[in-house]
Structures are given as structure tokens and as C-alpha cells.
>>> print(open('start-v7.txt').read())   # compact mmCIF, C-alpha atoms
# COMPACT_ATOMS: atom_id res chain seq x y z
CA MET D 1 16.11 11.37 29.25
CA LEU D 2 18.81 8.81 30.04
CA ASN D 3 17.91 5.21 29.09
CA GLU D 4 15.13 6.33 26.69
CA TYR D 5 15.18 5.36 23.01
CA ILE D 6 12.77 6.60 20.34
CA PHE D 7 11.62 4.22 17.61
CA TYR D 8 9.77 5.71 14.63
CA ILE D 9 8.12 2.78 12.80
CA THR D 10 6.11 4.27 9.93
CA PHE D 11 4.49 3.02 6.73
CA GLY D 12 2.02 5.66 5.54
CA THR D 13 2.91 9.07 4.07
CA ILE D 14 1.64 11.22 6.95
CA PRO D 15 3.24 9.21 9.82
CA ALA D 16 6.54 9.16 7.88
CA LEU D 17 6.41 12.94 7.34
CA TYR D 18 5.72 13.38 11.06
CA ALA D 19 8.71 11.20 11.98
CA GLU D 20 11.03 12.89 9.46
CA THR D 21 10.13 16.25 10.99
CA LYS D 22 10.27 15.13 14.62
CA ILE D 23 13.82 13.76 14.45
CA PHE D 24 15.13 17.33 14.13
CA LEU D 25 13.27 18.41 17.26
CA ASP D 26 13.55 15.51 19.72
CA LYS D 27 17.22 14.77 20.37
CA ALA D 28 16.98 11.54 22.34
CA PRO D 29 18.67 8.48 20.75
CA SER D 30 16.42 7.81 17.74
CA TYR D 31 15.83 5.00 15.26
CA LEU D 32 13.96 5.87 12.07
CA PHE D 33 12.19 3.19 10.00
CA VAL D 34 10.06 4.39 7.05
CA ARG D 35 8.39 3.01 3.95
CA SER D 36 6.78 6.07 2.32
CA LYS D 37 9.67 8.49 2.80
CA GLY D 38 8.43 11.10 0.28
CA ASN D 39 11.23 13.51 -0.74
CA PHE D 40 13.16 13.10 2.50
CA ASP D 41 16.94 13.27 2.11
CA SER D 42 18.37 10.42 4.17
CA LYS D 43 21.71 12.26 4.35
CA ALA D 44 20.10 14.31 7.10
CA VAL D 45 20.65 11.49 9.59
CA GLN D 46 24.41 11.64 8.99
CA ASN D 47 24.40 15.12 10.52
CA LEU D 48 22.32 14.07 13.53
CA GLU D 49 24.54 12.08 15.85
CA TYR D 50 21.61 11.03 18.04
CA VAL D 51 19.93 9.25 15.09
CA LYS D 52 21.43 5.79 15.54
CA ALA D 53 19.74 3.97 12.65
CA TYR D 54 17.82 4.75 9.47
CA TYR D 55 16.13 2.06 7.39
CA GLU D 56 13.75 2.16 4.43
CA PHE D 57 11.20 -0.64 4.19
CA ASN D 58 10.19 -1.80 0.72
CA GLY D 59 7.52 -4.04 -0.72
CA THR D 60 4.18 -4.95 0.86
CA ASP D 61 3.00 -5.22 4.45
CA ILE D 62 3.53 -8.98 4.38
CA ASP D 63 7.17 -8.42 3.34
CA TYR D 64 7.64 -6.42 6.54
CA ILE D 65 5.76 -8.89 8.74
CA CYS D 66 7.67 -11.92 7.40
CA ASN D 67 11.17 -10.49 6.99
CA GLN D 68 11.87 -6.80 7.43
CA TYR D 69 10.65 -6.52 11.03
CA HIS D 70 13.96 -8.21 11.83
CA VAL D 71 15.93 -4.95 11.45
CA ILE D 72 13.87 -3.44 14.28
CA TYR D 73 14.26 -6.56 16.41
CA LYS D 74 18.07 -6.48 16.05
CA GLU D 75 18.26 -2.83 17.16
CA ILE D 76 16.10 -3.56 20.23
CA ARG D 77 18.29 -6.53 21.16
CA LYS D 78 21.43 -4.44 20.75
CA ILE D 79 20.06 -1.72 23.04
CA LYS D 80 18.90 -4.18 25.71
CA LYS D 81 22.29 -5.91 25.67
CA ASN D 82 24.06 -2.64 26.45
CA ASP D 83 21.43 -1.04 28.70
CA ASN D 84 19.50 -3.12 31.24
CA ASN D 85 17.32 -0.12 32.09
CA ALA D 86 16.34 0.73 28.50
CA LYS D 87 12.87 2.19 27.91
CA PHE D 88 11.30 2.73 24.51
CA ILE D 89 9.05 5.41 23.01
CA VAL D 90 7.33 4.13 19.87
CA TYR D 91 5.76 6.25 17.13
CA ILE D 92 3.67 4.23 14.66
CA ASP D 93 0.76 4.43 12.17
CA ASP D 94 -2.70 4.17 13.72
CA SER D 95 -4.03 1.51 11.33
CA ARG D 96 -0.83 -0.56 11.66
CA VAL D 97 -0.15 -0.20 15.37
CA GLN D 98 -0.03 -4.00 15.74
CA TYR D 99 3.09 -4.08 13.51
CA MET D 100 5.22 -3.14 16.51
CA LEU D 101 4.29 -6.35 18.34
CA LYS D 102 6.46 -8.84 16.50
CA PRO D 103 9.87 -7.13 16.93
CA PHE D 104 9.22 -6.10 20.54
CA LEU D 105 7.73 -9.42 21.64
CA LYS D 106 10.53 -11.41 19.99
CA ALA D 107 13.04 -9.18 21.76
CA ASN D 108 11.18 -9.67 25.06
CA ALA D 109 10.78 -5.89 25.28
CA LEU D 110 7.03 -5.19 25.12
CA GLU D 111 7.01 -4.38 28.86
CA ASP D 112 9.91 -1.97 28.28
CA ILE D 113 7.79 0.36 26.13
CA LYS D 114 7.29 3.55 28.11
CA LYS D 115 5.04 5.34 25.61
CA ILE D 116 3.22 4.58 22.36
CA VAL D 117 2.25 7.46 20.03
CA MET D 118 -0.10 6.58 17.18
CA ILE D 119 -0.12 8.90 14.16
CA SER D 120 -3.16 9.20 11.90
CA GLU D 121 -2.71 7.90 8.37
CA GLY D 122 -5.43 10.24 7.11
CA ASN D 123 -9.02 9.56 6.12
CA ILE D 124 -8.83 6.00 7.43
CA SER D 125 -8.79 7.40 11.00
CA GLU D 126 -12.21 9.02 10.55
CA GLN D 127 -13.52 5.84 8.93
CA MET D 128 -12.22 3.69 11.79
CA PHE D 129 -13.95 5.90 14.35
CA SER D 130 -17.22 5.75 12.38
CA ASN D 131 -16.99 1.94 12.37
CA LEU D 132 -16.74 1.56 16.16
CA ASN D 133 -19.57 -0.51 17.67
CA GLU D 134 -21.08 -0.29 21.14
CA ASP D 135 -19.16 -3.41 22.26
CA ASP D 136 -15.83 -2.18 20.86
CA GLU D 137 -14.10 -1.73 24.22
CA GLU D 138 -14.60 -5.32 25.34
CA LYS D 139 -14.23 -6.86 21.88
CA THR D 140 -11.00 -5.04 20.94
CA ALA D 141 -9.39 -5.72 24.32
CA LYS D 142 -9.95 -9.44 23.71
CA LYS D 143 -8.65 -9.23 20.11
CA TRP D 144 -5.49 -7.39 21.21
CA SER D 145 -4.82 -9.95 23.93
CA GLU D 146 -5.26 -12.81 21.45
CA LEU D 147 -2.99 -11.06 18.96
CA ILE D 148 -0.20 -10.81 21.54
CA CYS D 149 -0.52 -14.53 22.29
CA ASP D 150 -0.56 -15.38 18.58
CA TYR D 151 1.90 -12.78 17.25
CA ASN D 152 3.73 -15.37 15.12
CA ASN D 153 0.58 -15.84 13.04
CA ASP D 154 1.63 -13.62 10.10
CA ASP D 155 -1.75 -13.81 8.35
CA LYS D 156 -3.46 -12.55 11.49
CA LEU D 157 -0.86 -9.91 12.30
CA VAL D 158 -0.76 -8.34 8.81
CA LYS D 159 -4.50 -7.67 8.75
CA ILE D 160 -5.32 -3.94 8.93
CA ASP D 161 -7.72 -3.68 11.86
CA ASN D 162 -9.25 -1.14 14.22
CA TYR D 163 -7.15 -1.24 17.41
CA ALA D 164 -6.16 2.41 17.73
CA PHE D 165 -9.13 3.94 19.55
CA TRP D 166 -9.32 1.20 22.16
CA LEU D 167 -5.55 1.22 22.58
CA SER D 168 -5.64 4.97 23.23
CA THR D 169 -7.58 4.26 26.44
CA GLN D 170 -4.56 2.44 27.87
CA LYS D 171 -1.92 3.97 30.12
CA ASN D 172 0.86 5.88 28.31
CA VAL D 173 -0.77 5.50 24.87
CA TYR D 174 -1.45 8.69 22.86
CA TYR D 175 -3.31 9.11 19.60
CA TYR D 176 -2.63 12.11 17.32
CA LEU D 177 -5.18 12.77 14.59
CA PRO D 178 -6.72 15.83 12.87
CA TYR D 179 -9.91 17.43 14.16
CA TYR D 180 -10.56 14.71 16.74
CA LYS D 181 -13.19 16.89 18.45
CA LEU D 182 -15.36 16.68 15.32
CA LEU D 183 -15.44 12.87 15.37
CA ASN D 184 -18.90 11.60 16.19
CA ASN D 185 -20.26 8.09 16.66
CA LYS D 186 -23.55 7.47 18.46
CA ASN D 187 -22.77 3.77 18.84
CA ILE D 188 -20.18 4.30 21.57
CA SER D 189 -20.76 5.63 25.07
CA ILE D 190 -19.55 9.00 26.33
CA GLU D 191 -17.60 7.15 29.04
CA TYR D 192 -15.67 5.15 26.44
CA ARG D 193 -15.00 8.24 24.34
CA ASN D 194 -13.70 10.15 27.39
CA LYS D 195 -11.20 7.40 28.15
CA MET D 196 -9.49 7.91 24.79
CA ASN D 197 -6.26 9.90 24.88
CA LEU D 198 -6.84 11.85 21.66
CA TYR D 199 -4.68 14.83 20.64
CA ASN D 200 -4.71 17.15 17.66
CA LEU D 201 -2.27 16.31 14.88
CA ASP D 202 -0.84 19.53 13.49
CA ILE D 203 2.14 18.56 11.34
CA GLU D 204 2.26 22.02 9.76
CA LYS D 205 2.89 23.58 13.18
CA LEU D 206 5.60 20.99 13.82
CA TYR D 207 7.14 21.58 10.39
CA ASN D 208 7.27 25.34 10.94
CA LYS D 209 9.53 24.79 13.96
CA LEU D 210 12.31 23.69 11.60
CA ASN D 211 14.87 26.13 10.28
CA LYS D 212 15.39 26.68 6.55
CA ASN D 213 18.22 24.15 6.21
CA GLN D 214 16.32 21.45 8.11
CA LYS D 215 13.27 21.94 5.89
CA LYS D 216 15.39 21.34 2.80
CA TYR D 217 16.08 17.81 3.98
CA ILE D 218 12.32 17.17 4.05
CA TYR D 219 11.77 18.16 0.42
CA LYS D 220 15.02 17.17 -1.29
CA ASN D 221 15.26 18.14 -5.01
CA LEU D 222 11.84 19.78 -4.96
CA ASP D 223 12.13 22.11 -7.92
CA LEU D 224 8.74 23.77 -8.31
CA LYS D 225 8.55 27.36 -9.50
CA ILE D 226 5.74 29.19 -7.72
CA ASP D 227 5.06 32.87 -8.29
CA LYS D 228 3.87 34.27 -4.95
CA ALA D 229 1.91 37.00 -6.77
CA GLU D 230 -0.14 34.54 -8.82
CA LYS D 231 -3.17 32.42 -7.83
CA TYR D 232 -2.80 28.64 -8.17
CA LEU D 233 -5.23 25.74 -8.01
CA ILE D 234 -4.13 22.12 -7.68
CA ILE D 235 -6.59 19.47 -8.80
CA ILE D 236 -6.19 16.25 -6.78
CA GLY D 237 -6.75 12.95 -8.57
CA THR D 238 -7.78 9.52 -7.33
CA TYR D 239 -7.78 5.90 -8.53
CA ASP D 240 -8.40 4.94 -12.14
CA PHE D 241 -11.98 4.16 -13.18
CA GLY D 242 -11.59 0.62 -14.45
CA SER D 243 -9.71 1.50 -17.64
CA LYS D 244 -7.50 4.27 -19.01
CA GLU D 245 -10.10 5.25 -21.60
CA LEU D 246 -12.95 5.59 -19.10
CA THR D 247 -10.66 7.42 -16.65
CA ASP D 248 -9.78 9.93 -19.35
CA ILE D 249 -13.47 10.53 -20.14
CA VAL D 250 -14.44 11.09 -16.46
CA TYR D 251 -11.54 13.46 -15.73
CA GLN D 252 -12.04 15.50 -18.89
CA ASN D 253 -15.70 15.98 -18.04
CA LEU D 254 -14.92 17.19 -14.49
CA ILE D 255 -11.88 19.32 -15.34
CA ASP D 256 -13.70 21.08 -18.19
CA GLN D 257 -16.19 22.35 -15.61
CA VAL D 258 -13.42 23.50 -13.26
CA THR D 259 -11.42 25.38 -15.90
CA SER D 260 -14.57 27.20 -16.90
CA ASP D 261 -15.10 28.44 -13.31
CA TYR D 262 -11.45 29.18 -12.39
CA LYS D 263 -10.15 31.08 -15.41
CA ASP D 264 -8.12 33.45 -13.24
CA TYR D 265 -6.10 30.61 -11.64
CA LYS D 266 -2.99 28.83 -12.84
CA ILE D 267 -4.16 25.20 -12.73
CA LEU D 268 -1.97 22.21 -11.87
CA TYR D 269 -2.81 18.53 -11.59
CA LYS D 270 -1.55 16.10 -8.91
CA ALA D 271 -2.27 12.43 -9.61
CA HIS D 272 -2.74 9.68 -7.03
CA PRO D 273 0.73 8.19 -6.24
CA LEU D 274 -0.31 4.80 -7.66
CA PHE D 275 -1.83 6.18 -10.87
CA PRO D 276 0.58 8.57 -12.61
CA VAL D 277 -0.66 10.54 -15.61
CA GLU D 278 2.22 9.28 -17.75
CA LYS D 279 0.54 5.86 -17.93
CA ASN D 280 -2.55 7.35 -19.58
CA GLN D 281 -1.48 8.92 -22.88
CA ALA D 282 -4.87 10.40 -23.81
CA PHE D 283 -5.34 12.07 -20.42
CA ASN D 284 -1.73 13.28 -20.46
CA GLU D 285 -2.27 14.94 -23.85
CA TYR D 286 -5.56 16.47 -22.66
CA LEU D 287 -3.85 18.17 -19.69
CA LEU D 288 -1.00 19.45 -21.84
CA ASN D 289 -3.44 20.85 -24.42
CA LYS D 290 -5.31 22.62 -21.60
CA ASP D 291 -2.01 24.12 -20.39
CA ILE D 292 -2.42 22.32 -17.04
CA GLU D 293 0.94 21.59 -15.41
CA ILE D 294 1.36 17.98 -14.30
CA LEU D 295 2.99 17.64 -10.88
CA PRO D 296 5.07 14.55 -9.95
CA ASN D 297 2.66 11.94 -8.59
CA LYS D 298 4.77 11.40 -5.43
CA LEU D 299 5.30 15.08 -4.72
CA PRO D 300 4.87 15.93 -0.98
CA LEU D 301 1.80 18.09 -1.57
CA GLU D 302 1.46 18.99 2.12
CA ILE D 303 4.79 20.82 2.11
CA ILE D 304 3.99 22.68 -1.13
CA LEU D 305 0.79 23.96 0.44
CA TRP D 306 2.41 24.89 3.75
CA GLU D 307 5.13 26.85 1.96
CA ASN D 308 2.80 28.60 -0.51
CA LYS D 309 -0.40 30.06 0.89
CA ASN D 310 -1.46 31.30 -2.55
CA ILE D 311 -2.21 27.72 -3.67
CA MET D 312 -5.74 26.34 -3.31
CA VAL D 313 -6.87 22.75 -3.87
CA GLY D 314 -9.86 20.87 -5.21
CA GLY D 315 -10.70 17.46 -6.59
CA PHE D 316 -11.34 14.08 -4.98
CA ALA D 317 -11.48 13.99 -1.17
CA SER D 318 -8.04 13.35 0.25
CA SER D 319 -6.13 13.28 3.52
CA ILE D 320 -4.60 16.59 2.43
CA ASN D 321 -7.94 18.31 3.18
CA SER D 322 -7.39 17.67 6.90
CA LEU D 323 -3.80 19.00 6.89
CA ILE D 324 -4.48 22.52 5.58
CA GLU D 325 -6.86 25.33 6.47
CA PRO D 326 -10.39 24.21 5.42
CA SER D 327 -10.92 27.47 3.49
CA ARG D 328 -8.19 26.45 1.02
CA THR D 329 -10.29 23.58 -0.37
CA LYS D 330 -12.45 25.13 -3.09
CA PHE D 331 -14.39 22.14 -4.42
CA PHE D 332 -14.79 18.36 -4.48
CA PHE D 333 -15.35 15.85 -7.24
CA GLY D 334 -18.29 13.70 -6.20
CA ASP D 335 -18.92 12.77 -2.56
CA MET D 336 -17.04 14.12 0.41
CA ILE D 337 -15.54 11.23 2.39
CA GLY D 338 -13.34 10.88 5.46
CA TYR D 339 -12.40 14.15 7.10
CA ALA D 340 -13.94 16.18 4.29
CA LYS D 341 -17.32 14.80 5.32
CA ILE D 342 -17.07 16.10 8.91
CA LEU D 343 -15.07 19.27 8.21
CA TYR D 344 -17.81 20.90 6.18
CA LYS D 345 -20.91 19.29 7.69
CA ASN D 346 -21.76 22.16 10.04
CA SER D 347 -19.37 24.73 8.65
CA ARG D 348 -20.14 28.05 7.00
CA LEU D 349 -17.67 26.94 4.35
CA LYS D 350 -19.44 25.14 1.55
CA PRO D 351 -17.03 23.90 -1.13
CA LYS D 352 -18.61 23.42 -4.52
CA SER D 353 -19.33 19.88 -5.68
CA TYR D 354 -18.66 18.82 -9.25
CA ASN D 355 -20.22 15.66 -10.63
CA VAL D 356 -20.11 14.12 -14.07
CA ILE D 357 -22.54 16.04 -16.27
CA VAL D 358 -24.60 14.14 -18.80
CA SER D 359 -24.11 15.86 -22.14
CA GLN D 360 -23.73 15.19 -25.84
CA THR D 361 -19.96 15.43 -25.43
CA LEU D 362 -20.01 12.79 -22.69
CA ALA D 363 -22.33 10.59 -24.77
CA SER D 364 -20.03 10.98 -27.78
CA ASN D 365 -16.97 10.07 -25.73
CA LEU D 366 -18.72 7.05 -24.22
CA ILE D 367 -19.70 5.88 -27.70
CA LYS D 368 -16.06 6.16 -28.77
CA TYR D 369 -15.05 4.30 -25.62
CA ASN D 370 -17.52 1.48 -26.30
CA ILE D 371 -16.42 1.26 -29.93
CA LEU D 372 -12.81 1.03 -28.78
CA LYS D 373 -13.68 -1.50 -26.09
CA ASN D 374 -15.66 -3.64 -28.57
CA SER D 375 -12.80 -3.38 -31.04
CA VAL D 376 -10.34 -4.60 -28.42
CA VAL D 377 -12.69 -7.41 -27.38
CA ASN D 378 -13.21 -8.48 -31.00
CA GLU D 379 -9.46 -8.45 -31.61
CA LEU D 380 -8.90 -10.57 -28.53
CA MET D 381 -11.62 -12.99 -29.64
CA LYS D 382 -9.98 -13.30 -33.07
CA LYS D 383 -6.63 -14.02 -31.48
CA ASN D 384 -8.30 -16.50 -29.14
CA ASN D 385 -9.95 -18.30 -32.11
CA ILE D 386 -6.60 -18.49 -33.92
CA LEU D 387 -4.95 -19.90 -30.82
CA GLN D 388 -7.80 -22.39 -30.40
CA GLU D 389 -7.41 -23.59 -34.01
CA LYS D 390 -3.65 -23.98 -33.53
CA TYR D 391 -4.27 -25.87 -30.32
CA GLU D 392 -6.71 -28.27 -32.01
CA MET D 393 -4.29 -28.86 -34.88
CA LEU D 394 -1.50 -29.59 -32.43
CA GLN D 395 -3.74 -32.02 -30.54
CA LEU D 396 -4.53 -33.81 -33.82
CA GLU D 397 -0.84 -34.04 -34.73
CA LEU D 398 -0.03 -35.43 -31.30
CA LYS D 399 -2.81 -38.00 -31.65
CA GLU D 400 -1.48 -39.10 -35.04
CA GLN D 401 2.06 -39.33 -33.70
CA LYS D 402 0.83 -41.35 -30.73
CA GLN D 403 -0.97 -43.79 -33.09
CA SER D 404 2.19 -44.16 -35.20
CA ILE D 405 4.22 -44.97 -32.10
CA GLU D 406 1.63 -47.53 -30.97
CA ASP D 407 1.68 -49.17 -34.44
CA LEU D 408 5.47 -49.39 -34.32
CA LEU D 409 5.37 -50.97 -30.87
CA ILE D 410 2.86 -53.56 -32.02
CA LYS D 411 4.97 -54.29 -35.09
CA TYR D 412 8.10 -54.58 -32.98
CA GLY D 413 6.29 -56.90 -30.53
CA ASN D 414 5.17 -59.18 -33.35
CA GLN D 415 8.70 -59.30 -34.74
CA GLU D 416 10.09 -60.21 -31.32
CA ASN D 417 7.61 -63.07 -30.97
CA ASN D 418 8.55 -64.33 -34.45
CA ILE D 419 12.24 -64.27 -33.50
CA LYS D 420 11.53 -66.32 -30.35
CA THR D 421 9.58 -68.87 -32.38
CA ILE D 422 12.40 -69.14 -34.91
CA LYS D 423 14.96 -69.62 -32.12
CA ARG D 424 12.91 -72.44 -30.63
CA GLY D 425 12.62 -74.14 -34.03
CA LEU D 426 16.33 -73.92 -34.71
CA ASN D 427 17.31 -75.34 -31.33
CA PRO D 428 16.38 -79.05 -31.12
CA TYR D 429 17.31 -79.08 -27.45
CA TYR D 430 14.95 -76.24 -26.52
CA LYS D 431 12.39 -78.50 -24.81
CA PHE D 432 15.17 -79.86 -22.58
CA ILE D 433 16.69 -76.46 -21.89
CA LYS D 434 13.37 -74.66 -21.22
CA PRO D 435 12.89 -75.83 -17.56
CA PHE D 436 16.45 -74.76 -16.70
CA VAL D 437 15.86 -71.36 -18.29
CA LYS D 438 12.88 -70.85 -15.95
CA ILE D 439 14.96 -71.89 -12.93
CA LYS D 440 17.71 -69.48 -14.01
CA LYS D 441 15.23 -66.60 -14.27
CA LEU D 442 13.81 -67.48 -10.86
CA PHE D 443 17.22 -67.17 -9.24
CA ILE D 444 17.95 -63.95 -11.07
CA ARG D 445 14.74 -62.41 -9.76
CA LYS D 446 15.76 -63.25 -6.23
>>> encode(input="start-v7.txt", output="C-alpha cells")
Amino acid sequence: MLNEYIFYITFGTIPALYAETKIFLDKAPSYLFVRSKGNFDSKAVQNLEYVKAYYEFNGTDIDYICNQYHVIYKEIRKIKKNDNNAKFIVYIDDSRVQYMLKPFLKANALEDIKKIVMISEGNISEQMFSNLNEDDEEKTAKKWSELICDYNNDDKLVKIDNYAFWLSTQKNVYYYLPYYKLLNNKNISIEYRNKMNLYNLDIEKLYNKLNKNQKKYIYKNLDLKIDKAEKYLIIIGTYDFGSKELTDIVYQNLIDQVTSDYKDYKILYKAHPLFPVEKNQAFNEYLLNKDIEILPNKLPLEIILWENKNIMVGGFASSINSLIEPSRTKFFFGDMIGYAKILYKNSRLKPKSYNVIVSQTLASNLIKYNILKNSVVNELMKKNNILQEKYEMLQLELKEQKQSIEDLLIKYGNQENNIKTIKRGLNPYYKFIKPFVKIKKLFIRK
């Protein structure tokens, strides 16, 4: 509609993917701000005349709060200067919804927001709902009000907090998240739950509205050869386990079990974006020796799965489990958390659970790990002892040099006193001159 402007302000992978898809479908004047852009080709916005600005955030949340919010603020000011009747529609991450406050409040435009749409960042949405307390409605309303009054407090504003569910009870605020009907929390009242404007987040359905050329902008340079006639299984990784060596041991133990059960599948491995396989040489070699293809750690896995229905997944619980058909998740490593926990609780689908198996192989690997760890510790201790000895020697040298300097100063002082005595002895008029010398010095001091 006339006088309406869409602002996509996204930080997480899922909200960014939603925004990058939506700009092709909603043709109102749009402003796209993303941090986790995935494989999106920013050249797409050059072909969309209604997309008025595109900006990629970088760095941490505090970098945005302190500095980069300014690019949003400037665009709001520019719009308000040219359009007195401007109204804004804001799409933003659910766990960072408060990040819109600073640019809009500084631009005196918070009251000009017509609609807020919060997009789930993944498993954190389920966790936030589980953490709601019986007094959440009153408590969060107060916190939000205080945050608006104190929006220049960067330390307070940057804190990830649970505002989304309360905010969804407000007029013209909408919250999109997967499987919201399965969310359950006995701490909150039915009345409070019914006030929430919750809607199902189905990015796959949205994505499938795009034509072939539009989709290519979403997964730029995605060169993955998939044979539609073959069965594939992608193992999803997680964080490292304290050290590269221990991580390698844990993954080998789990993946050995999987490869034994899924011999008729072509197996691939997708690491967590922050922990690429390339940084762990031993694990990298293990996967290559097992003929397991290593996918790029920042690959948009959602799109790969939407485009190829012959690919199944398994591994550590991930947001991806809530973005595909539940039947496509074959197993989990360890506990099911987030959406995985509620998706399969009362379902006929029962994915297998793999845990680390105690065995002689595991014991042997742990022994090797401890030997390596002790070796590293011993080496560090040796280096520390050498450095300590060098430090003590340097301290001793400095002490000796200091003593030498003090001896020279004493010697020089004695020589100076001797010179003064000699001068007095050589000058027979010294006793007459002495009082005038004192007077002279007195005047000089003044």
C-alpha cells in the first residue's frame, strides 16, 4: 500500500533466509538488512526496483548496537523527511526483537510502526517458551517499558532476552515459528496463551513460490551434485568437545555406528558453521578415509533438503529438524533438544538415538588422547620452566646493574663534595662571599 515501507532487520540464519525469500514476493518499498546471509546473491536487489537498500551487518551484536544500527536509522529519517504519512512493517528475529528499538526511537518513529513480524531463530524459540513463568505477562510488560525508556543503555539493549511471546499479545504484532501448536508450558495460563498471535512458520512453502531464476539468487554458487536415484544421508555436527582430539574421538565413535547401520546410503557430513572440519586434521582424515563427503560448513542445508527429497538427515539436534518433514530425520546423537524434543514426544515416528558406546576402541583412543594431552602439558611446563629461569636470570642482571648505578652515583656524589671542599680552600674570600651566595640563590628561587 501507499506510504508503507518494509524493513527486514535480521541476524540469524532462518530469519535472513525468510527475508531473502520474501523480498521476491512482497513488492512494497523494501529495505533489507542481514548478518547471516547464507549463499544469497546480493545482485538480486539490483533487479528489484522496489528494494531501496541492502546492507550486510558484520561482527558481534554489540557492534550492531553501538554502531551499525545507524544505517537503519538514516533510512528511517530519509523516509520520514520525504513522507509525513510513512508507516513501517518490521520483520525481525524473535530473540533479538529489541534490536529494532534504537534506530526507530532515535528516529522518533516507534509510533509509526504499523506491524511487527517476529521470525523464529530455531530451537531457541522452543526454549524461550519453555522458560516462561506464571508472572511473565506482567514482568515482561514492565521490562519492555523500562527498555524503551533506557534504550541508550547498550549493555541492557544487547542482552538476548525473552520478549517475543509477551510482545505477540500486543496489537499488530505477529510471531511466526514452527509447530507452535505443540508448544506446551504448564506455568502459563490458557488466557495468556490465547492472547499470543502465533502463526506457523513454513519457509519451504514460501520458498516454493519462487520461480527457478529467483531461487538461484538464494543459493548462489551452490555446486552440489546430487543423484536423484540415489539415497543420501547427511550427518549434522555440533560444537567441539573441549579439544580437537576429544572431538575426533567422540565423532568417530558415533559415526562408526551410523555407517554400520546405513550401508546403502551415500553419507555426507555437515559441520556446525563455527566449527569447520578443516580445523581438525584427524577428524578430516577420518571422514575422507570413510569416503564421507564433507559439505561446506556454511552451506544452506535447508535449501538442499527442500530441493532434494531423497536426502535424509541425522546427528545432533538442530533447527533444521523443524524445517523439514519429521520423517526425514532418521536418528539423533545424544539427547533431543528444542523442537526435536516436542516433535517426537507423542509421535509414531521414533528416530533412533546413538550415544557414545564404551568399548576397547574408545578406551584405547582415550588413552592416546590422555597421553597426547599429558605430553602437551609436560612440554608446556618445560617451556614455562625455561622461561622462568630466563626471567630469574634477567632479574638478577637488572639487580646487579642497579647496584652498579647506585655505586657510581655514590662515587660521583663523594667526588662532588670533594670538589666543593677544594674550591672553598682555594678561595680565601669564601667566608665573606658565602652569605651573598645564599641571598643570590634565594632570589633565583623566587
>>> closest_residue(input="start-v7.txt", among="D:Leu323, D:Ile249, D:Leu206, D:Leu110", to="Asn365 of chain D", atoms="all atoms listed in the file")
D:Ile249
>>> atom_distance(input="start-v7.txt", atom1="atom CA of Ile324 of chain D", atom2="atom CA of Asp202 of chain D")
9.2 Å
>>> closest_residue(input="start-v7.txt", among="D:Asn346, D:Asn153, D:Ser30, D:Thr329", to="Ile65 of chain D", atoms="all atoms listed in the file")
D:Asn153
>>> residues_around(input="start-v7.txt", residues="Asp93 of chain D", least_positions_apart="6", cutoff="10 Å", atoms="all atoms listed in the file", output="PyMOL selection string")
chain D and resi 8-16+99-100+117-122+164+175-176
>>> closest_residue(input="start-v7.txt", among="D:Lys368, D:Arg328, D:Lys78, D:Lys27", to="Glu4 of chain D", atoms="all atoms listed in the file")
D:Lys27
>>> atom_distance(input="start-v7.txt", atom1="atom CA of Arg35 of chain D", atom2="atom CA of Leu198 of chain D")
25.0 Å
>>> residues_around(input="start-v7.txt", residues="Lys181 of chain D", least_positions_apart="3", cutoff="9 Å", atoms="all atoms listed in the file", output="compact mmCIF listing (two decimals) with C-alpha atoms, in the coordinates of the input")
# COMPACT_ATOMS: atom_id res chain seq x y z
CA PRO D 178 -6.72 15.83 12.87
CA ASN D 184 -18.90 11.60 16.19
CA LEU D 198 -6.84 11.85 21.66
CA ASN D 200 -4.71 17.15 17.66
>>> closest_residue(input="start-v7.txt", among="D:Val250, D:Leu233, D:Ile255, D:Leu48", to="Leu268 of chain D", atoms="all atoms listed in the file")
D:Leu233
>>> residues_around(input="start-v7.txt", residues="Lys345 of chain D", least_positions_apart="4", cutoff="12 Å", atoms="only C-alpha atoms", output="ChimeraX atom specification")
/D:182-184,326,336-341,349-351
>>> atom_distance(input="start-v7.txt", atom1="atom CA of Ile160 of chain D", atom2="atom CA of Trp144 of chain D")
12.8 Å
>>> residues_around(input="start-v7.txt", residues="Ile303 of chain D", least_positions_apart="6", cutoff="9 Å", atoms="all atoms listed in the file", output="list of chain:residue names")
D:Glu204, D:Tyr207, D:Ile218, D:Tyr219
>>> residues_around(input="start-v7.txt", residues="Met128 of chain D", least_positions_apart="2", cutoff="9 Å", atoms="all atoms listed in the file", output="list in words")
Ser95, Asn123, Ile124, Ser125, Glu126, Ser130, Asn131, Leu132, Asp161, Asn162, Ala164 and Phe165 of chain D
>>> closest_residue(input="start-v7.txt", among="D:Glu56, D:Asp112, D:Asp248, D:Asp61", to="Tyr369 of chain D", atoms="all atoms listed in the file")
D:Asp248
>>> axis_aligned_box(input="start-v7.txt", around="segment 205-218 of chain D", padding_each_side="5 Å", output="AutoDock Vina command-line options")
--center_x 10.6 --center_y 21.9 --center_z 8.4 --size_x 25.3 --size_y 19.5 --size_z 21.2
>>> closest_residue(input="start-v7.txt", among="D:Met196, D:Leu295, D:Ala107, D:Ala141", to="Phe129 of chain D", atoms="all atoms listed in the file")
D:Met196
